[in-house]
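Trainee: Encoded as structure tokens, here's the structure I'll be asking about.
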Amino acid sequence: MFVPRPMAVLPVGIMLLFLGQASVDAEVFTALCDMEYLVHMEKDLVESLDQYIQQEEDKLNKIKTFQSRIKEVSQMAMEEPSTHLHHPVNAYLLVKRYTRDWPLLEALVQEDTAEDFLYNLTKVKESFPSDEDYMGAGKALVRLQDTYDLSTQNIAKGMMGREIAAANRPELGYTKSPELSSEDCFELGRLAYIDQDYYHCALWMEESMARFQPDPTSDLTKDTILDYLAYASYQQNNIERAYQATKELLRINPEHTRAINNMKFFEKEMEKSQNLVAPPKDEDVASTERGEYKRDLARDYLPEREIYELLCQAEQPDMFNITPSRAKHLKCRYFTNNNHPRLLLAPQKLEQVFDKPKMWIFHNILTDPEMKVIKDLAQPRLRRSTARNLITGQYEPAFYRISKSAWLQGWEHKVIRRVNQRVEDVTGLTMETAEELQVVNYGMGGHYEPHFDFARKEEKSAFDPKEGNRIATMLFYMSDVEAGGATVFPQVGARLVPEKGAGAFWYNLFKNGEGDMLTRHAACPVLVGSKWVSNKWIHERGQEFRRKCGLSPED
């Protein structure tokens, strides 16, 4: 039978950032703005390390100078040891070296030049990311890989999302990343392995093999990679690739007990198959050929996964093509909401971007100074975003929502009051029962999978009856995003690209109070860039005489 899988060895890659086990938050990866301090902290650590290396080099140079001087005198003395000491100066210098020079060298060797560096390191260690952050960061890369259909080769080459960024917002430029080493790829595969995600484990172990170069400073070996690759391939029902990887492993390490037993198992499995035949034992294995692996979506908890990911990739499925008769209703105009006094002085740039359900974009509805105030107020309060558990009714962190959020009230700043008033002016809906302004920053691969803003009938206690259900959503984009981060509606194929200063508006409920199922939407993972949004969820109560013809952009 098949021998148990390899043990999850400790990371063999760059260890410096993970020396500390404690963490202030343990959720650093969920918001990019909270990760910025890590860049500055690492810069300080590198400078401290530079100083330590310089001190060590200075110390070594002193030792080398002493060694060179002593060696020269010692060699001269050894030519004629007895006659050498006949000269009183030679005798004096010998005594001096033993009583002064060698003790000074001893003190120099014992000198702890690492003290300052270790002090600086210890001082900030509690702020290091945690193991949870490390796992979360790895999962984020895997999520991006799947959502945007990226190959491990392109990610490893530092080309992740370049084409998507160029297609979406070429004016924003493109943030580069370094190439990944074999060790980096191995670590991503190992994280997937720990998560029992053998599909991604196999992909990244293949990439690690392709990039492997012997490195005397690394503990990573080829047979370790092949051990993981064989097991992941087997779990992916790719017996042929598991056999090839195991055969290559045994060529490198013939005494590998697990591989010896596994080889017998794989040979039997291949003989059972009509399509697979084990090659002769003396035949070389083409270890450079990658295996083929298929992502299994059959048991996916998200029914619209395929459409959701296509929309995130900016692909419009044919089933969602808008006909000319529908497109003619999608127009731009200056909007005053039936000559509202404040809007007469400052009309809003309104664009209807979709018809079923109706969606609008208010371009430049927020100014740069306003967005800065909102971000500055929110950032110190950002906490891991939560989602409502349909079973318990409690709000809790969820793997399908990766971000941090904060809530701002009108009394806190005039800008918040001004934004609330502006939402009321352009929608015609009262803010008396609206929720506070929610501010969100998305982390590594930050996303929010398809969901409804309104509560469905089975969620009877979701909102206070005095406020009612969420009748409408105003979503403000407070940053441009280089690649990814779109808001998509998988039921209808609508896709909204983040545009700094713009606000997207739609109704969640029909006029009869029933929920509009077509408004199910998602925040696609941020591929490259930082995404800031804020939103006002507007509730039913108080809108009874406001949502009628002429008072909102709906009509």
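Going by the structure tokens order, chains are called A, B, ..., each with residues numbered from 1, while ligands are numbered from 1 in the order shown.
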Considering only C-alpha atoms, return as a ChimeraX atom specification whatever protein or nucleic-acid residues lie within 10 Å of Arg401 (chain A), sequence-local ones (same chain, fewer than 3 positions apart) excluded.

Mentor: /A:30,384-387,397-398,404,442,446-450,522-523,525

Trainee: Which neighbours of Ile471 (chain A) fall inside 6 Å, counting only C-alpha atoms, when residues of the same chain fewer than 3 positions from it are skipped, and could you give them as a list in words?

Mentor: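 Returned residues: Tyr507, Asn508, Leu509, Ile538, His539 and Glu540 of chain A.
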
Trainee: Give me the residues within 9 Å of Ser181 (chain A) as a list in words, counting only C-alpha atoms and dropping any in the same chain fewer than 4 places off.

Mentor: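 The filter keeps Ala156, Cys185, Phe186, Ser208, Arg211 and Phe212 of chain A.
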
Trainee: Can you tell me which residues surround Leu475 (chain A) at a distance of at most 6 Å, considering only C-alpha atoms, apart from same-chain residues fewer than 2 positions away, and format the answer as a list of chain:residue names?

Mentor: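 Contacts, in chain order: A:Gly503, A:Ala504, A:Asn535.
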
Trainee: Which residue gives the smallest distance to Leu343 (chain A) among A:Leu311, A:Val440, A:Val426, A:Leu382, with only C-alpha atoms counted?

Mentor: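 Result for the nearest residue to Leu343 (chain A): A:Val426.
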
Trainee: Could you list, as a PyMOL selection string, every residue within 12 Å of Asp184 (chain A), counting only C-alpha atoms and ignoring same-chain residues fewer than 3 positions away?

Mentor: chain A and resi 11-15+138+152+155-157+178-181+187-191+204-205+207-209+211-212+218+220+225

Trainee: Which polymer residues have any atom within 10 Å of an atom of Met371 (chain A), counting only C-alpha atoms, with same-chain residues fewer than 3 positions away left out, as a ChimeraX atom specification?

Mentor: /A:366-368,374-377,415-416,476-479,500-501,532-534

Trainee: If we count only C-alpha atoms and set the cut-off at 9 Å, which residues sit around Gln313 (chain A), ignoring sequence neighbours fewer than 4 positions away in its own chain? Please answer as a list in words.

Mentor: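 Answer for this query is Thr147, Tyr148, Asp149, Ile164, Tyr308, Glu309 and Gly484 of chain A.
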
Trainee: Go ahead and save the residues from that selection, with C-alpha atoms, as a CSV table (one decimal), in the first residue's frame.

Mentor:
```
chain,number,residue,atom,x,y,z
A,147,THR,CA,-9.2,33.8,-10.0
A,148,TYR,CA,-7.1,35.4,-12.8
A,149,ASP,CA,-6.0,32.1,-14.4
A,164,ILE,CA,-4.4,42.4,-16.9
A,308,TYR,CA,-17.4,35.1,-11.2
A,309,GLU,CA,-13.8,34.4,-12.1
A,484,GLY,CA,-8.1,43.4,-10.3
```

Trainee: When DSSP is applied to the backbone of this structure, which of region 206-235 of chain A are assigned helix (DSSP H, G or I)? Write them out as a list in words.

Mentor: Glu206, Glu207, Ser208, Met209, Ala210, Lys222, Asp223, Thr224, Ile225, Leu226, Asp227, Tyr228, Leu229, Ala230, Tyr231, Ala232, Ser233, Tyr234 and Gln235 of chain A

Trainee: Keeping only N, CA, C and O atoms, write the selected residues to a file as an mmCIF file, in the first residue's frame.

Mentor:
```
data_model
loop_
_atom_site.group_PDB
_atom_site.id
_atom_site.type_symbol
_atom_site.label_atom_id
_atom_site.label_comp_id
_atom_site.auth_asym_id
_atom_site.auth_seq_id
_atom_site.Cartn_x
_atom_site.Cartn_y
_atom_site.Cartn_z
ATOM 1 N N GLU A 206 6.304 21.584 -9.095
ATOM 2 C CA GLU A 206 6.805 21.513 -10.475
ATOM 3 C C GLU A 206 7.653 22.743 -10.786
ATOM 4 O O GLU A 206 8.737 22.634 -11.381
ATOM 5 N N GLU A 207 7.179 23.912 -10.365
ATOM 6 C CA GLU A 207 7.931 25.143 -10.620
ATOM 7 C C GLU A 207 9.227 25.166 -9.829
ATOM 8 O O GLU A 207 10.267 25.620 -10.318
ATOM 9 N N SER A 208 9.186 24.658 -8.607
ATOM 10 C CA SER A 208 10.397 24.578 -7.787
ATOM 11 C C SER A 208 11.431 23.671 -8.443
ATOM 12 O O SER A 208 12.631 23.996 -8.476
ATOM 13 N N MET A 209 10.977 22.542 -8.998
ATOM 14 C CA MET A 209 11.884 21.634 -9.704
ATOM 15 C C MET A 209 12.502 22.309 -10.921
ATOM 16 O O MET A 209 13.701 22.195 -11.189
ATOM 17 N N ALA A 210 11.681 23.028 -11.678
ATOM 18 C CA ALA A 210 12.156 23.677 -12.902
ATOM 19 C C ALA A 210 13.204 24.742 -12.603
ATOM 20 O O ALA A 210 14.087 25.005 -13.426
ATOM 21 N N LYS A 222 16.809 18.447 -4.064
ATOM 22 C CA LYS A 222 15.944 18.007 -5.154
ATOM 23 C C LYS A 222 15.043 16.856 -4.718
ATOM 24 O O LYS A 222 13.867 16.797 -5.087
ATOM 25 N N ASP A 223 15.595 15.933 -3.923
ATOM 26 C CA ASP A 223 14.779 14.791 -3.518
ATOM 27 C C ASP A 223 13.640 15.201 -2.586
ATOM 28 O O ASP A 223 12.573 14.585 -2.577
ATOM 29 N N THR A 224 13.827 16.298 -1.814
ATOM 30 C CA THR A 224 12.735 16.802 -0.971
ATOM 31 C C THR A 224 11.584 17.302 -1.829
ATOM 32 O O THR A 224 10.408 17.019 -1.563
ATOM 33 N N ILE A 225 11.927 18.082 -2.865
ATOM 34 C CA ILE A 225 10.890 18.593 -3.771
ATOM 35 C C ILE A 225 10.155 17.435 -4.436
ATOM 36 O O ILE A 225 8.920 17.411 -4.507
ATOM 37 N N LEU A 226 10.910 16.445 -4.916
ATOM 38 C CA LEU A 226 10.309 15.310 -5.623
ATOM 39 C C LEU A 226 9.416 14.487 -4.697
ATOM 40 O O LEU A 226 8.402 13.930 -5.138
ATOM 41 N N ASP A 227 9.768 14.410 -3.431
ATOM 42 C CA ASP A 227 8.954 13.676 -2.460
ATOM 43 C C ASP A 227 7.572 14.312 -2.345
ATOM 44 O O ASP A 227 6.532 13.624 -2.383
ATOM 45 N N TYR A 228 7.534 15.642 -2.198
ATOM 46 C CA TYR A 228 6.258 16.356 -2.145
ATOM 47 C C TYR A 228 5.505 16.231 -3.474
ATOM 48 O O TYR A 228 4.291 16.028 -3.503
ATOM 49 N N LEU A 229 6.237 16.388 -4.558
ATOM 50 C CA LEU A 229 5.611 16.355 -5.879
ATOM 51 C C LEU A 229 4.956 15.004 -6.147
ATOM 52 O O LEU A 229 3.835 14.933 -6.677
ATOM 53 N N ALA A 230 5.635 13.924 -5.771
ATOM 54 C CA ALA A 230 5.077 12.595 -6.002
ATOM 55 C C ALA A 230 3.776 12.408 -5.231
ATOM 56 O O ALA A 230 2.784 11.904 -5.769
ATOM 57 N N TYR A 231 3.778 12.840 -3.975
ATOM 58 C CA TYR A 231 2.564 12.655 -3.170
ATOM 59 C C TYR A 231 1.410 13.510 -3.692
ATOM 60 O O TYR A 231 0.268 13.045 -3.790
ATOM 61 N N ALA A 232 1.706 14.788 -4.027
ATOM 62 C CA ALA A 232 0.655 15.669 -4.539
ATOM 63 C C ALA A 232 0.108 15.156 -5.873
ATOM 64 O O ALA A 232 -1.097 15.209 -6.118
ATOM 65 N N SER A 233 0.984 14.647 -6.728
ATOM 66 C CA SER A 233 0.544 14.100 -8.013
ATOM 67 C C SER A 233 -0.364 12.893 -7.799
ATOM 68 O O SER A 233 -1.383 12.732 -8.473
ATOM 69 N N TYR A 234 0.006 12.055 -6.846
ATOM 70 C CA TYR A 234 -0.826 10.896 -6.536
ATOM 71 C C TYR A 234 -2.207 11.337 -6.054
ATOM 72 O O TYR A 234 -3.241 10.789 -6.465
ATOM 73 N N GLN A 235 -2.238 12.351 -5.186
ATOM 74 C CA GLN A 235 -3.513 12.853 -4.681
ATOM 75 C C GLN A 235 -4.350 13.472 -5.790
ATOM 76 O O GLN A 235 -5.577 13.532 -5.703
#
```

Trainee: Using CA of Asn90 (chain A) and CA of Glu111 (chain A) as the two end points, give the distance in Å to one decimal.

Mentor: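 Computing the Euclidean distance for CA of Asn90 (chain A) and CA of Glu111 (chain A) yields 29.7 Å.
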